[in-house]
Protein chains: 2
Amino acid sequence: MAGQSKENTRYVGDTVAHDDDTIDFEIIELLFFAYRDFTSDPDAILEKGGFGRAHHRVLHFVDREPGMTVADLLDTLKITKQSLARVLKQLIDSGYIRQVTGPEDRRQRMLYTTEEGQALARALAEPQSRRIAHALAKTGPGARETVKRFLASMKNGAGD
Amino acid sequence: MAGQSKENTRYVGDTVAHDDDTIDFEIIELLFFAYRDFTSDPDAILEKGGFGRAHHRVLHFVDREPGMTVADLLDTLKITKQSLARVLKQLIDSGYIRQVTGPEDRRQRMLYTTEEGQALARALAEPQSRRIAHALAKTGPGARETVKRFLASMKNGAGD
DNA sequence: AAAAATATGTCAATAAGGCTGACATATTTT
DNA sequence: AAAATATGTCAGCCTTATTGACATATTTTT
């Protein structure tokens, strides 16, 4: 029945594939489920306002870095201008984000959350924060430092 | 750091929102970037075959649990039958997954990866596994246990 | 045996959130 | 004055998800 032992490295396209047991399926799956449930937390709140995860991300980063420009945001989110436009427009029209013409370069639009935007951003982050606090507490002392280091190293360009 | 005290609780809609400093923005962001880059690893390979992340997930779980039924898969992925249908059909037509009529209940379709499917699943998992190994090594000894416990606790129904 | 429930498949319409290409406008830099 | 830059916008397309409705085969219940 679907034997798992297939020794010897083999090749699939350009990519070297290793044995079953050399692949960390355990953490791959844990990460999948953890992130799936972590991101599902704010969804209920988002739905009420007719927003989605795209709005959440925009709101989050503008809230965390007030005064960031549209270009900054595009760079952070790694999406296109046209993709951002729709979502950003809705957030502006709904009064959660406001734009201020750049004081030095008047072509720029500096982005800020309004009071309502700030409140929404925090309301969205709160259940996620709770989940994290709970998981860290359950994991044990020192977990926070280890988890931080691990996650930071998982990111691209974390400096080898 | 980031004390848990609940000063100045205020309300946004039905949801209780806490102060800035009681919210763990640091790990929220680390998780966002870590997962974004983690999932970007297999994308290049996927594109070559005209597949997307949906195909990746299906292939992954069928590979990990050979013989799972369509219902099992729907339950794991938490998507609808109609959403699964298209993706699964493409994987079957491409020869990566095959269906076997259930030996006890002939209504069921047990799912298995073909040899090509197995090879693809492993090729996709390999860069992710590498990234994890690298991050764990950088984090230090004992990181694996801590990270596993943390991620497991982040999942829903992890048992309080 | 007939009826109901179940597992799966499929058609059609809709939505969110990405994408590319093309072009407009205001502003700054050369 | 010309070129480059930051932003906005129109139009069309793709993927992945949704809901609702209905078809088929098979198993379970009555």
# chains A, B, ... in the order shown; residues from 1 in each chain; ligands from 1
$ select_by_dssp --residues "segment 102-152 of chain A" --states "strand (DSSP E)" --output "list in words"
Arg109, Met110, Leu111, Tyr112 and Thr113 of chain A
$ calpha_fit_rmsd --fixed "chain B" --moving "chain A"
3.3 Å
$ interface_residues --of "chain B" --to "chain A" --cutoff "6 Å" --atoms "only C-alpha atoms" --output "number ranges by chain"
B: 17, 23-24, 30, 33-34, 37, 123, 129, 135, 139, 149-151, 153-155
$ write_last_selection --atoms "N, CA and C atoms" --output "PDB file, in the first residue's frame"
ATOM      1  N   ALA B  17     -11.542  46.107  22.124  1.00  0.00           N
ATOM      2  CA  ALA B  17     -10.218  46.426  21.606  1.00  0.00           C
ATOM      3  C   ALA B  17      -9.341  46.929  22.745  1.00  0.00           C
ATOM      4  N   ILE B  23      -1.182  44.788  22.314  1.00  0.00           N
ATOM      5  CA  ILE B  23      -1.334  43.963  21.118  1.00  0.00           C
ATOM      6  C   ILE B  23       0.024  43.573  20.559  1.00  0.00           C
ATOM      7  N   ASP B  24       0.143  42.310  20.250  1.00  0.00           N
ATOM      8  CA  ASP B  24       1.432  41.743  19.866  1.00  0.00           C
ATOM      9  C   ASP B  24       1.683  41.936  18.374  1.00  0.00           C
ATOM     10  N   LEU B  30       5.748  39.244  12.045  1.00  0.00           N
ATOM     11  CA  LEU B  30       6.732  38.198  11.756  1.00  0.00           C
ATOM     12  C   LEU B  30       6.050  37.004  11.095  1.00  0.00           C
ATOM     13  N   PHE B  33       5.109  37.837   7.345  1.00  0.00           N
ATOM     14  CA  PHE B  33       6.235  37.787   6.410  1.00  0.00           C
ATOM     15  C   PHE B  33       6.797  36.373   6.281  1.00  0.00           C
ATOM     16  N   ALA B  34       6.887  35.680   7.399  1.00  0.00           N
ATOM     17  CA  ALA B  34       7.406  34.313   7.363  1.00  0.00           C
ATOM     18  C   ALA B  34       6.532  33.443   6.459  1.00  0.00           C
ATOM     19  N   ASP B  37       6.724  34.363   2.600  1.00  0.00           N
ATOM     20  CA  ASP B  37       7.917  33.888   1.910  1.00  0.00           C
ATOM     21  C   ASP B  37       7.981  32.359   1.867  1.00  0.00           C
ATOM     22  N   ALA B 123       8.939  17.531  -4.607  1.00  0.00           N
ATOM     23  CA  ALA B 123       9.700  18.649  -5.189  1.00  0.00           C
ATOM     24  C   ALA B 123       9.194  19.981  -4.645  1.00  0.00           C
ATOM     25  N   SER B 129      11.024  22.718   3.153  1.00  0.00           N
ATOM     26  CA  SER B 129      11.715  21.970   4.198  1.00  0.00           C
ATOM     27  C   SER B 129      13.107  22.542   4.455  1.00  0.00           C
ATOM     28  N   ALA B 135      16.098  27.806   9.201  1.00  0.00           N
ATOM     29  CA  ALA B 135      15.607  28.696  10.261  1.00  0.00           C
ATOM     30  C   ALA B 135      15.760  28.053  11.640  1.00  0.00           C
ATOM     31  N   THR B 139      18.077  29.354  14.723  1.00  0.00           N
ATOM     32  CA  THR B 139      17.415  29.733  15.972  1.00  0.00           C
ATOM     33  C   THR B 139      18.109  29.131  17.189  1.00  0.00           C
ATOM     34  N   ARG B 149       5.555  23.077  19.368  1.00  0.00           N
ATOM     35  CA  ARG B 149       4.536  23.298  20.393  1.00  0.00           C
ATOM     36  C   ARG B 149       3.773  24.594  20.135  1.00  0.00           C
ATOM     37  N   PHE B 150       4.508  25.607  19.758  1.00  0.00           N
ATOM     38  CA  PHE B 150       3.870  26.896  19.480  1.00  0.00           C
ATOM     39  C   PHE B 150       2.886  26.783  18.321  1.00  0.00           C
ATOM     40  N   LEU B 151       3.340  26.229  17.213  1.00  0.00           N
ATOM     41  CA  LEU B 151       2.486  26.140  16.029  1.00  0.00           C
ATOM     42  C   LEU B 151       1.259  25.270  16.299  1.00  0.00           C
ATOM     43  N   SER B 153      -0.243  24.897  19.061  1.00  0.00           N
ATOM     44  CA  SER B 153      -1.168  25.641  19.929  1.00  0.00           C
ATOM     45  C   SER B 153      -1.867  26.766  19.193  1.00  0.00           C
ATOM     46  N   MET B 154      -1.308  27.190  18.078  1.00  0.00           N
ATOM     47  CA  MET B 154      -1.919  28.260  17.292  1.00  0.00           C
ATOM     48  C   MET B 154      -3.135  27.756  16.520  1.00  0.00           C
ATOM     49  N   LYS B 155      -3.174  26.471  16.338  1.00  0.00           N
ATOM     50  CA  LYS B 155      -4.257  25.869  15.565  1.00  0.00           C
ATOM     51  C   LYS B 155      -5.541  25.808  16.388  1.00  0.00           C
TER      52      LYS B 155
END
$ closest_atom_pairs --of "chain B" --to "chain C" --cutoff "12 Å" --atoms "only C-alpha atoms (C1' of nucleotides)" --output "tab-separated table"
residue	atom	partner	partner_atom	distance
B:Thr69	CA	C:DA7	C1'	9.4
B:Val70	CA	C:DT8	C1'	7.9
B:Ala71	CA	C:DA7	C1'	7.7
B:Asp72	CA	C:DA7	C1'	11.1
B:Leu74	CA	C:DT8	C1'	11.9
B:Lys81	CA	C:DT8	C1'	9.0
B:Gln82	CA	C:DT10	C1'	8.5
B:Ser83	CA	C:DT10	C1'	11.7
B:Leu84	CA	C:DG9	C1'	11.1
B:Ala85	CA	C:DG9	C1'	8.1
B:Arg86	CA	C:DT10	C1'	10.2
B:Leu88	CA	C:DG9	C1'	11.6
B:Lys89	CA	C:DG9	C1'	10.5
B:Gln99	CA	C:DT8	C1'	11.9
B:Thr101	CA	C:DT8	C1'	11.0
B:Gly102	CA	C:DA7	C1'	10.6
B:Asp105	CA	C:DA7	C1'	9.2
B:Arg106	CA	C:DA7	C1'	9.0
B:Arg107	CA	C:DA7	C1'	5.4
B:Gln108	CA	C:DA7	C1'	5.8
B:Arg109	CA	C:DT8	C1'	7.9
B:Met110	CA	C:DA7	C1'	11.3
$ write_last_selection --atoms "N, CA and C atoms" --output "PDB file, in the first residue's frame"
ATOM      1  N   THR B  69     -10.564   9.984   1.206  1.00  0.00           N
ATOM      2  CA  THR B  69     -11.693  10.174   0.300  1.00  0.00           C
ATOM      3  C   THR B  69     -11.876  11.654  -0.018  1.00  0.00           C
ATOM      4  N   VAL B  70     -12.746  11.916  -0.970  1.00  0.00           N
ATOM      5  CA  VAL B  70     -13.060  13.294  -1.332  1.00  0.00           C
ATOM      6  C   VAL B  70     -13.605  14.048  -0.115  1.00  0.00           C
ATOM      7  N   ALA B  71     -14.451  13.388   0.645  1.00  0.00           N
ATOM      8  CA  ALA B  71     -15.026  14.021   1.834  1.00  0.00           C
ATOM      9  C   ALA B  71     -13.945  14.371   2.850  1.00  0.00           C
ATOM     10  N   ASP B  72     -12.978  13.471   3.034  1.00  0.00           N
ATOM     11  CA  ASP B  72     -11.854  13.741   3.938  1.00  0.00           C
ATOM     12  C   ASP B  72     -11.121  15.004   3.510  1.00  0.00           C
ATOM     13  N   LEU B  74     -12.193  17.489   1.616  1.00  0.00           N
ATOM     14  CA  LEU B  74     -13.011  18.691   1.809  1.00  0.00           C
ATOM     15  C   LEU B  74     -12.934  19.149   3.254  1.00  0.00           C
ATOM     16  N   LYS B  81     -17.128  21.525  -2.154  1.00  0.00           N
ATOM     17  CA  LYS B  81     -17.014  20.459  -3.138  1.00  0.00           C
ATOM     18  C   LYS B  81     -16.767  21.005  -4.542  1.00  0.00           C
ATOM     19  N   GLN B  82     -17.483  22.090  -4.864  1.00  0.00           N
ATOM     20  CA  GLN B  82     -17.371  22.674  -6.197  1.00  0.00           C
ATOM     21  C   GLN B  82     -16.013  23.335  -6.414  1.00  0.00           C
ATOM     22  N   SER B  83     -15.463  23.871  -5.322  1.00  0.00           N
ATOM     23  CA  SER B  83     -14.144  24.495  -5.436  1.00  0.00           C
ATOM     24  C   SER B  83     -13.072  23.434  -5.642  1.00  0.00           C
ATOM     25  N   LEU B  84     -13.255  22.339  -4.915  1.00  0.00           N
ATOM     26  CA  LEU B  84     -12.284  21.262  -5.037  1.00  0.00           C
ATOM     27  C   LEU B  84     -12.334  20.626  -6.419  1.00  0.00           C
ATOM     28  N   ALA B  85     -13.542  20.506  -6.957  1.00  0.00           N
ATOM     29  CA  ALA B  85     -13.764  19.736  -8.174  1.00  0.00           C
ATOM     30  C   ALA B  85     -12.812  20.093  -9.314  1.00  0.00           C
ATOM     31  N   ARG B  86     -12.748  21.372  -9.600  1.00  0.00           N
ATOM     32  CA  ARG B  86     -11.942  21.819 -10.738  1.00  0.00           C
ATOM     33  C   ARG B  86     -10.469  21.446 -10.559  1.00  0.00           C
ATOM     34  N   LEU B  88      -9.103  19.273  -8.460  1.00  0.00           N
ATOM     35  CA  LEU B  88      -8.877  17.832  -8.396  1.00  0.00           C
ATOM     36  C   LEU B  88      -8.931  17.211  -9.791  1.00  0.00           C
ATOM     37  N   LYS B  89      -9.881  17.665 -10.586  1.00  0.00           N
ATOM     38  CA  LYS B  89     -10.020  17.152 -11.943  1.00  0.00           C
ATOM     39  C   LYS B  89      -8.753  17.410 -12.754  1.00  0.00           C
ATOM     40  N   GLN B  99      -7.924   7.999  -8.790  1.00  0.00           N
ATOM     41  CA  GLN B  99      -9.032   7.649  -7.922  1.00  0.00           C
ATOM     42  C   GLN B  99      -9.282   6.156  -7.975  1.00  0.00           C
ATOM     43  N   THR B 101     -12.212   3.351  -6.650  1.00  0.00           N
ATOM     44  CA  THR B 101     -13.516   3.163  -6.013  1.00  0.00           C
ATOM     45  C   THR B 101     -13.332   2.468  -4.670  1.00  0.00           C
ATOM     46  N   GLY B 102     -13.998   3.006  -3.656  1.00  0.00           N
ATOM     47  CA  GLY B 102     -13.866   2.458  -2.303  1.00  0.00           C
ATOM     48  C   GLY B 102     -14.222   0.988  -2.260  1.00  0.00           C
ATOM     49  N   ASP B 105     -17.311   0.837   0.512  1.00  0.00           N
ATOM     50  CA  ASP B 105     -18.402   1.695   0.043  1.00  0.00           C
ATOM     51  C   ASP B 105     -18.060   2.176  -1.352  1.00  0.00           C
ATOM     52  N   ARG B 106     -18.742   1.665  -2.315  1.00  0.00           N
ATOM     53  CA  ARG B 106     -18.370   1.954  -3.700  1.00  0.00           C
ATOM     54  C   ARG B 106     -18.775   3.342  -4.174  1.00  0.00           C
ATOM     55  N   ARG B 107     -19.436   4.088  -3.291  1.00  0.00           N
ATOM     56  CA  ARG B 107     -19.716   5.486  -3.638  1.00  0.00           C
ATOM     57  C   ARG B 107     -18.463   6.336  -3.468  1.00  0.00           C
ATOM     58  N   GLN B 108     -17.619   5.896  -2.575  1.00  0.00           N
ATOM     59  CA  GLN B 108     -16.421   6.681  -2.269  1.00  0.00           C
ATOM     60  C   GLN B 108     -15.353   6.568  -3.337  1.00  0.00           C
ATOM     61  N   ARG B 109     -14.579   7.647  -3.445  1.00  0.00           N
ATOM     62  CA  ARG B 109     -13.413   7.630  -4.330  1.00  0.00           C
ATOM     63  C   ARG B 109     -12.190   7.841  -3.450  1.00  0.00           C
ATOM     64  N   MET B 110     -11.382   6.810  -3.346  1.00  0.00           N
ATOM     65  CA  MET B 110     -10.163   6.946  -2.556  1.00  0.00           C
ATOM     66  C   MET B 110      -9.100   7.572  -3.453  1.00  0.00           C
TER      67      MET B 110
END
$ atom_distance --atom1 "atom CA of Arg53 of chain A" --atom2 "atom CA of Arg53 of chain B"
17.2 Å
$ interface_residues --of "chain D" --to "chain A" --cutoff "10 Å" --atoms "only C-alpha atoms (C1' of nucleotides)" --output "JSON, numbers by chain"
{"D": [5, 6, 7, 8, 9]}
$ select_by_dssp --residues "segment 46-80 of chain B" --states "helix (DSSP H, G or I)" --output "ChimeraX atom specification"
/B:46-48,53-64,70-77
